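Colleague: For reference, the structure I am asking about is given below.
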Protein chains: 2
Amino acid sequence: MTDLAAIRAAAARARGIRRTPLLSSPLLDREAGRRILVKAECLQVTGSFKARGAWAAISALSPAERAAGVLAYSSGNHAQGVAWAAAAHGTPAVILMPSDAPAVKIDNTRALGGEVVLYDRGSEDRDAIGARLASERDLTLVPPFDHPQVIAGQGTTGLEIAGQAAEAGVTEADVLVCCGGGGLSAGIALALEAEAPGLRVRTAEPAGFDDVARSLAEGHRVRNPAATGSICDAILTPSPGALTFPILDRLAGPGLAVSDDEALAAVAAAFRHLRIVLEPGGAVSLAAALFRGGEIEGDAVVCVASGGNVDPAVFARALSA
Amino acid sequence: MTDLAAIRAAAARARGIRRTPLLSSPLLDREAGRRILVKAECLQVTGSFKARGAWAAISALSPAERAAGVLAYSSGNHAQGVAWAAAAHGTPAVILMPSDAPAVKIDNTRALGGEVVLYDRGSEDRDAIGARLASERDLTLVPPFDHPQVIAGQGTTGLEIAGQAAEAGVTEADVLVCCGGGGLSAGIALALEAEAPGLRVRTAEPAGFDDVARSLAEGHRVRNPAATGSICDAILTPSPGALTFPILDRLAGPGLAVSDDEALAAVAAAFRHLRIVLEPGGAVSLAAALFRGGEIEGDAVVCVASGGNVDPAVFARALSA
C-alpha cells in the first residue's frame with residue numbers, strides 16, 4: 001500500500017526529478033474569476049509527471065532487478081518517463097509500443113535510451129509479447145499507474161503542491177488533476193491528506209471518458225463505453241485502477257469532465273497567459289477551472305497541468321481556434 | 001552606478017518576482033552537442049524578465065513619487081512589466097504606446113492596470129508627449145534599460161543563475177543573453193562577476209541588429225543601420241545604452257548573432273524539448289547555442305530565454321518550419 005511514508009521515501013530518492021513551479025497569471029485569474037495556481041508538470045523532465053513514477057519504481061528495485069532491466073507498455077508519456085529513468089539508473093528498458101504510434105514518440109523513446117519493441121495492434125497480442133520478453137530477459141514490469149511505487153512517485157507532486165500553495169497563501173482549495181488511470185490523482189490525494197488537509201483532489205477527465213468521475217459517483221469501478229475518440233489521448237484509460245480507485249473513493253471530491261474544445265481552449269490560455277506548452281490531456285484540469293467554475297468552490301483553485309508532449313499540428317489547431 | 005549591493009538590494013525587495021527555473025532536456029543536449037541550461041524568463045510574471053527591472057525601479061521610489069505615478073514608453077514587454085509592477089505597488093502607471101501596436105499588447109497592458117495613452121507614430125512626437133504628461137502629472141519615467149535600478153532588477157536573474165548553475169554542477173560556462181539595450185545582459189554580468197566568476201555573459205542578437213556585438217568588437221558604441229526588419233521585435237534597439245555598454249565592455253565576451261530563421265528554429269526546439277513558449281527575440285540565446293556552437297567553448301552553456309509574449313500566428317509559423 002502507498003502511504004505518506006512511501007511518498008516521502010520516493011521524494012528522498014528522486015534526485016533526477018525537477019521541482020516544477022506553481023505558476024499564476026493575473027490575466028488568467030481574471031478570465032477564471034478566481035485565483036488559478038498551475039502546477040506545471042509539463043516542465044518535468046521528459047515533459048510529463050510520468051518521470052516521477054518511473055523514477056520511484058526503478059529506484060526501488062533491488063540491484064539484481066535493476067541490472068536485469070525493466071519493461072513498459074506505452075505509446076506515450078509513460079514510455080518516455082521509463083526510458084529516461086531507466087537510463088539514469090543504468091538499467092536496460094524495453095518499451096513495447098504499437099507500430100502505428102507517432103514516429104516522434106518512438107524516436108524520443110529511443111533517444112532517451114529505451115529499446116523499443118514494436119508490435120502490430122491488429123494481429124499481435126501485446127500482453128503475450130510482453131510476458132515472453134519479461135520471462136526471457138527477467139525484466140520487471142513498470143505499470144503506468146496501478147503500482148504502489150508508481151503512485152508514491154506521482155505523489156511527490158502533492159508534497160510540492162502542499163508547500164507551494166502554502167507559500168502562495170492558499171490552504172483551502174480544490175486541486176484539479178488530469179486523470180487517466182488515477183496514479184497521479186491518488187498519489188497527490190495521499191500527500192495532501194497528510195500535508196495540506198484543506199486541499200482536496202478532484203479529477204478532471206474528457207467528457208465521454210470520465211470513468212473515474214462516474215466510478216466516484218457510483219461508489220465502484222465502472223468502465224468507459226469507448227476506448228478512443230478524444231483528442232486527450234494521454235489520459236484515456238478504460239477504468240480506474242484497482243489500487244488507485246479506493247484511494248480516490250476515500251479522498252477525492254466529485255470528478256469534473258470537459259469537452260475536447262474546452263481542453264484546446266485551455267491549451268491556448270496556458271500559451272497566452274503562462275507561456276507553457278500543454279497537451280490537451282494535460283490541460284483538462286485548467287479547462288475545468290475555466291469552464292466548470294460553477295462546480296468549484298473557493299477563491300482559489302490549483303490545477304495540475306500534467307504534460308506537454310503535443311504534436312505541433314494539434315498545438316497550432318488550439319492556437320487558431 | 002549599479003553594483004552587486006544594488007542587485008542584492010533589488011532581490012531583497014522583489015517579493016512579487018518569480019524565481020524562474022533553469023530547465024534542461026537530454027534531447028536538447030544531444031541536438032546541441034553540449035549541456036544546455038535554459039533560464040526560463042518566459043515564465044516570469046508578465047511573461048518576460050522586464051517585470052524584474054520594473055519592480056526594482058518602482059520599489060525604489062520615494063512614497064511621494066510612488067503616489068504620483070510612473071511613465072513608460074513601450075509597445076511590448078516593458079509596458080506590461082511596468083503596468084503590472086506599478087499596480088502591485090498601488091502606483092498609477094501611464095504607458096505611452098504607438099496606436100499601431102498589436103491590439104493584444106494594448107489590451108494586456110490595460111488589463112494589468114496600466115493607463116494606455118496612444119500616439120500616432122507618423123505625426124506625433126513621443127518624447128514631447130511623454131515630457132508633457134510627466135510634467136503635468138509629476139510622473140517618474142521608468143526607462144526600458146538605461147537606468148541603475150532597472151539594471152539592478154534585471155541583475156537579480158544573474159543571482160539566481162549563479163545558484164542554479166552551481167546546483168547543476170556548472171561553474172565554468174558562457175551565459176548567452178538575448179540583448180536589446182543591454183539591461184539584462186549588464187545586470188547579469190555584474191551579478192555573475194561577484195557570485196559566479198567562471199560564468200561569462202555573451203550577448204545574443206538578431207543578425208543585422210547586432211549593435212552590441214559590434215560595439216564590443218570596436219570598443220565604443222555603434223548604431224544599427226536599420227530600426228526594423230527582424231522578427232525579433234522585442235530586442236531591436238538602435239544602440240547599447242550609455243550605462244549598460246561600459247559594464248558589458250568590461251565583463252562580456254564576444255557577442256553572437258543569429259538569423260530570424262534560426263530564432264524561429266529555437267522557438268520550435270524550446271516547444272519540443274522544454275515545453276515553454278518563447279518569442280523569437282527571447283529565443284536568440286538558445287538559437288546561438290544551437291547554431292553557433294563553434295563559437296562557444298565548454299561542455300555546458302547557459303541560455304537566458306528572456307520572454308514569451310508571442311503572437312499565435314508567429315508561434316504557429318515557427319512550429320511549421
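Naming works like this for the C-alpha cells: A, B, ... for the chains as they're shown, residue 1 at the start of each chain, ligands 1 onward in shown order.
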Could you give me, as a list in words, the residues within 9 Å of A:Val212, counting only C-alpha atoms and dropping anything in the same chain fewer than 5 positions from it?
Modeller: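 In the requested form, the answer reads Cys179, Gly180, Gly181, Gly182, Thr203, Ala204, Glu205, Ala217, Arg221, Val222, Arg223, Ser239, Pro240, Phe245, Leu248 and Gly255 of chain A.
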Colleague: Select all residues from chain A having any atom no more than 8 Å from an atom of chain B (counting only C-alpha atoms, ignoring ligands), output as a PDB file with C-alpha atoms, in the first residue's frame.
Modeller:
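File produced: result.pdb:
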ATOM      1  CA  THR A  20       8.223  22.149 -11.064  1.00  0.00           C
ATOM      2  CA  PRO A  21       6.948  25.685 -10.482  1.00  0.00           C
ATOM      3  CA  LEU A  23       2.573  29.321 -11.938  1.00  0.00           C
ATOM      4  CA  SER A  24      -0.071  32.027 -11.989  1.00  0.00           C
ATOM      5  CA  SER A  25      -1.123  34.995 -14.061  1.00  0.00           C
ATOM      6  CA  PRO A  26      -3.256  37.996 -13.154  1.00  0.00           C
ATOM      7  CA  LEU A  27      -4.926  37.840 -16.564  1.00  0.00           C
ATOM      8  CA  CYS A  42       4.851  19.845 -18.492  1.00  0.00           C
ATOM      9  CA  LEU A  43       8.171  21.289 -17.282  1.00  0.00           C
ATOM     10  CA  VAL A  45      11.950  16.042 -17.227  1.00  0.00           C
ATOM     11  CA  THR A  46      10.569  14.175 -20.312  1.00  0.00           C
ATOM     12  CA  GLY A  47       7.643  16.626 -20.396  1.00  0.00           C
ATOM     13  CA  ASN A 108      12.108  10.187 -28.495  1.00  0.00           C
ATOM     14  CA  ALA A 111      16.772   8.814 -27.979  1.00  0.00           C
ATOM     15  CA  LEU A 112      16.183   8.670 -24.225  1.00  0.00           C
ATOM     16  CA  PHE A 271       0.107  29.502 -24.067  1.00  0.00           C
ATOM     17  CA  ARG A 272      -1.186  33.058 -23.777  1.00  0.00           C
ATOM     18  CA  HIS A 273      -1.036  33.638 -20.041  1.00  0.00           C
ATOM     19  CA  LEU A 274       1.544  31.208 -18.658  1.00  0.00           C
ATOM     20  CA  ARG A 275       3.825  30.622 -21.678  1.00  0.00           C
ATOM     21  CA  ILE A 276       3.835  26.870 -21.136  1.00  0.00           C
ATOM     22  CA  VAL A 277       3.144  24.131 -23.673  1.00  0.00           C
ATOM     23  CA  LEU A 278       0.382  21.713 -22.657  1.00  0.00           C
ATOM     24  CA  GLY A 308       3.182  18.884 -22.647  1.00  0.00           C
ATOM     25  CA  ASN A 309       4.119  16.295 -25.262  1.00  0.00           C
ATOM     26  CA  PRO A 312       2.817  20.666 -33.336  1.00  0.00           C
ATOM     27  CA  ALA A 313      -0.251  20.413 -35.599  1.00  0.00           C
ATOM     28  CA  ALA A 316      -1.353  25.049 -33.824  1.00  0.00           C
ATOM     29  CA  LEU A 319      -3.956  28.444 -31.068  1.00  0.00           C
ATOM     30  CA  SER A 320      -6.095  29.093 -34.129  1.00  0.00           C
TER      31      SER A 320
END
Colleague: Run DSSP on the backbone and tell me which residues of stretch 84-310 of chain B come out as helix (DSSP H, G or I); list them as a PyMOL selection string.
Modeller: chain B and resi 84-88+103-111+126-137+148-167+183-195+211-218+233-235+244-251+260-274+280-282+284-291+293-295
Colleague: Mind pulling up the distance from atom CA of A:Pro246 to atom CA of A:Asn77?
Modeller: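 Going from atom CA of A:Asn77 over to atom CA of A:Pro246, I get 24.4 Å.
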Colleague: Do a neighbour search on B:Leu264 at 9 Å with only C-alpha atoms, toss out local chain neighbours closer than 2 positions, and write the hits as a PyMOL selection string.
Modeller: chain B and resi 231+259-262+266-269+279-280+283-284+287+314-315+317-319+321
Colleague: Please, could you write that set of residues out with all heavy atoms as a CSV table (one decimal), in the first residue's frame?
Modeller:
chain,number,residue,atom,x,y,z
B,231,ILE,N,12.2,39.7,-37.1
B,231,ILE,CA,11.0,39.1,-36.4
B,231,ILE,C,11.3,39.2,-34.9
B,231,ILE,O,10.3,39.1,-34.1
B,231,ILE,CB,10.8,37.7,-36.8
B,231,ILE,CG1,9.4,37.2,-36.5
B,231,ILE,CG2,11.9,36.7,-36.3
B,231,ILE,CD1,9.0,35.9,-37.1
B,259,SER,N,20.2,34.4,-37.3
B,259,SER,CA,19.2,34.8,-38.3
B,259,SER,C,17.8,34.7,-37.7
B,259,SER,O,17.6,33.9,-36.7
B,259,SER,CB,19.3,34.0,-39.6
B,259,SER,OG,18.9,32.7,-39.3
B,260,ASP,N,16.8,35.3,-38.4
B,260,ASP,CA,15.4,35.1,-38.0
B,260,ASP,C,15.0,33.6,-38.1
B,260,ASP,O,14.3,33.1,-37.2
B,260,ASP,CB,14.5,35.9,-38.9
B,260,ASP,CG,14.4,37.4,-38.4
B,260,ASP,OD1,15.2,37.8,-37.5
B,260,ASP,OD2,13.6,38.1,-39.0
B,261,ASP,N,15.5,32.9,-39.1
B,261,ASP,CA,15.1,31.5,-39.2
B,261,ASP,C,15.7,30.7,-38.1
B,261,ASP,O,15.1,29.7,-37.6
B,261,ASP,CB,15.6,31.0,-40.6
B,261,ASP,CG,14.7,31.4,-41.7
B,261,ASP,OD1,13.6,31.9,-41.5
B,261,ASP,OD2,15.1,31.2,-42.9
B,262,GLU,N,16.9,31.1,-37.7
B,262,GLU,CA,17.5,30.3,-36.5
B,262,GLU,C,16.7,30.6,-35.3
B,262,GLU,O,16.5,29.7,-34.4
B,262,GLU,CB,19.0,30.7,-36.4
B,262,GLU,CG,19.8,30.1,-37.6
B,262,GLU,CD,21.2,30.7,-37.7
B,262,GLU,OE1,21.4,31.8,-37.2
B,262,GLU,OE2,22.0,30.0,-38.3
B,266,ALA,N,14.8,27.9,-32.9
B,266,ALA,CA,15.0,27.8,-31.5
B,266,ALA,C,13.7,27.8,-30.7
B,266,ALA,O,13.5,27.1,-29.7
B,266,ALA,CB,15.9,28.9,-31.0
B,267,VAL,N,12.7,28.6,-31.2
B,267,VAL,CA,11.4,28.6,-30.7
B,267,VAL,C,10.8,27.2,-30.7
B,267,VAL,O,10.2,26.7,-29.8
B,267,VAL,CB,10.5,29.7,-31.4
B,267,VAL,CG1,9.0,29.5,-31.0
B,267,VAL,CG2,10.9,31.1,-31.1
B,268,ALA,N,10.9,26.6,-31.9
B,268,ALA,CA,10.4,25.2,-32.1
B,268,ALA,C,11.1,24.2,-31.2
B,268,ALA,O,10.5,23.3,-30.6
B,268,ALA,CB,10.5,24.8,-33.6
B,269,ALA,N,12.4,24.4,-31.0
B,269,ALA,CA,13.2,23.5,-30.2
B,269,ALA,C,12.7,23.6,-28.7
B,269,ALA,O,12.6,22.6,-28.0
B,269,ALA,CB,14.7,23.7,-30.3
B,279,GLU,N,9.2,33.9,-27.4
B,279,GLU,CA,9.0,34.7,-28.6
B,279,GLU,C,10.4,34.7,-29.3
B,279,GLU,O,11.4,34.4,-28.7
B,279,GLU,CB,8.7,36.2,-28.1
B,279,GLU,CG,9.6,36.8,-27.2
B,279,GLU,CD,9.1,38.1,-26.6
B,279,GLU,OE1,9.0,39.1,-27.2
B,279,GLU,OE2,8.6,38.0,-25.4
B,280,PRO,N,10.4,35.0,-30.6
B,280,PRO,CA,11.7,34.9,-31.4
B,280,PRO,C,12.8,35.7,-30.7
B,280,PRO,O,13.9,35.2,-30.5
B,280,PRO,CB,11.3,35.5,-32.7
B,280,PRO,CG,9.9,35.2,-32.9
B,280,PRO,CD,9.3,35.4,-31.5
B,283,ALA,N,14.4,33.9,-27.9
B,283,ALA,CA,15.0,32.6,-28.2
B,283,ALA,C,16.3,32.8,-28.9
B,283,ALA,O,17.0,31.7,-29.3
B,283,ALA,CB,14.0,31.8,-29.1
B,284,VAL,N,16.8,34.0,-29.1
B,284,VAL,CA,18.1,34.1,-29.9
B,284,VAL,C,19.3,33.5,-29.1
B,284,VAL,O,20.2,33.1,-29.7
B,284,VAL,CB,18.4,35.6,-30.3
B,284,VAL,CG1,17.4,36.1,-31.3
B,284,VAL,CG2,18.4,36.5,-29.1
B,287,ALA,N,19.1,30.0,-29.8
B,287,ALA,CA,19.5,29.8,-31.3
B,287,ALA,C,21.0,29.9,-31.4
B,287,ALA,O,21.6,29.1,-32.1
B,287,ALA,CB,18.8,30.9,-32.1
B,314,VAL,N,2.8,33.8,-35.3
B,314,VAL,CA,4.2,33.7,-35.4
B,314,VAL,C,4.7,32.4,-34.8
B,314,VAL,O,5.5,31.7,-35.3
B,314,VAL,CB,4.9,34.9,-34.7
B,314,VAL,CG1,6.4,34.7,-34.5
B,314,VAL,CG2,4.6,36.2,-35.4
B,315,PHE,N,4.1,32.0,-33.6
B,315,PHE,CA,4.4,30.8,-33.0
B,315,PHE,C,4.1,29.6,-33.9
B,315,PHE,O,4.9,28.7,-34.1
B,315,PHE,CB,3.7,30.7,-31.7
B,315,PHE,CG,4.3,29.6,-30.7
B,315,PHE,CD1,5.5,29.9,-30.0
B,315,PHE,CD2,3.8,28.4,-30.6
B,315,PHE,CE1,6.1,29.0,-29.2
B,315,PHE,CE2,4.3,27.4,-29.7
B,315,PHE,CZ,5.5,27.8,-29.1
B,317,ARG,N,4.0,29.6,-37.1
B,317,ARG,CA,4.9,29.6,-38.2
B,317,ARG,C,6.2,28.9,-37.7
B,317,ARG,O,6.8,28.2,-38.5
B,317,ARG,CB,5.2,31.1,-38.6
B,317,ARG,CG,6.2,31.2,-39.7
B,317,ARG,CD,6.4,32.7,-40.1
B,317,ARG,NE,7.7,32.9,-40.6
B,317,ARG,CZ,8.3,34.1,-40.6
B,317,ARG,NH1,7.7,35.2,-40.2
B,317,ARG,NH2,9.5,34.2,-41.1
B,318,ALA,N,6.7,29.2,-36.5
B,318,ALA,CA,7.9,28.5,-36.0
B,318,ALA,C,7.7,27.0,-36.0
B,318,ALA,O,8.6,26.3,-36.3
B,318,ALA,CB,8.2,29.1,-34.6
B,319,LEU,N,6.5,26.6,-35.6
B,319,LEU,CA,6.3,25.1,-35.4
B,319,LEU,C,6.2,24.4,-36.8
B,319,LEU,O,6.5,23.2,-36.9
B,319,LEU,CB,5.0,24.9,-34.6
B,319,LEU,CG,4.9,25.3,-33.2
B,319,LEU,CD1,3.7,24.7,-32.5
B,319,LEU,CD2,6.2,25.0,-32.5
B,321,ALA,N,7.8,25.3,-39.5
B,321,ALA,CA,9.0,25.4,-40.4
B,321,ALA,C,9.8,24.1,-40.4
B,321,ALA,O,9.7,23.3,-39.6
B,321,ALA,CB,9.9,26.5,-39.8
Colleague: For A:Arg202, which of A:Val304, A:Ala131, A:Ala166, A:Val142 is the closest residue, counting only C-alpha atoms?
Modeller: A:Val304
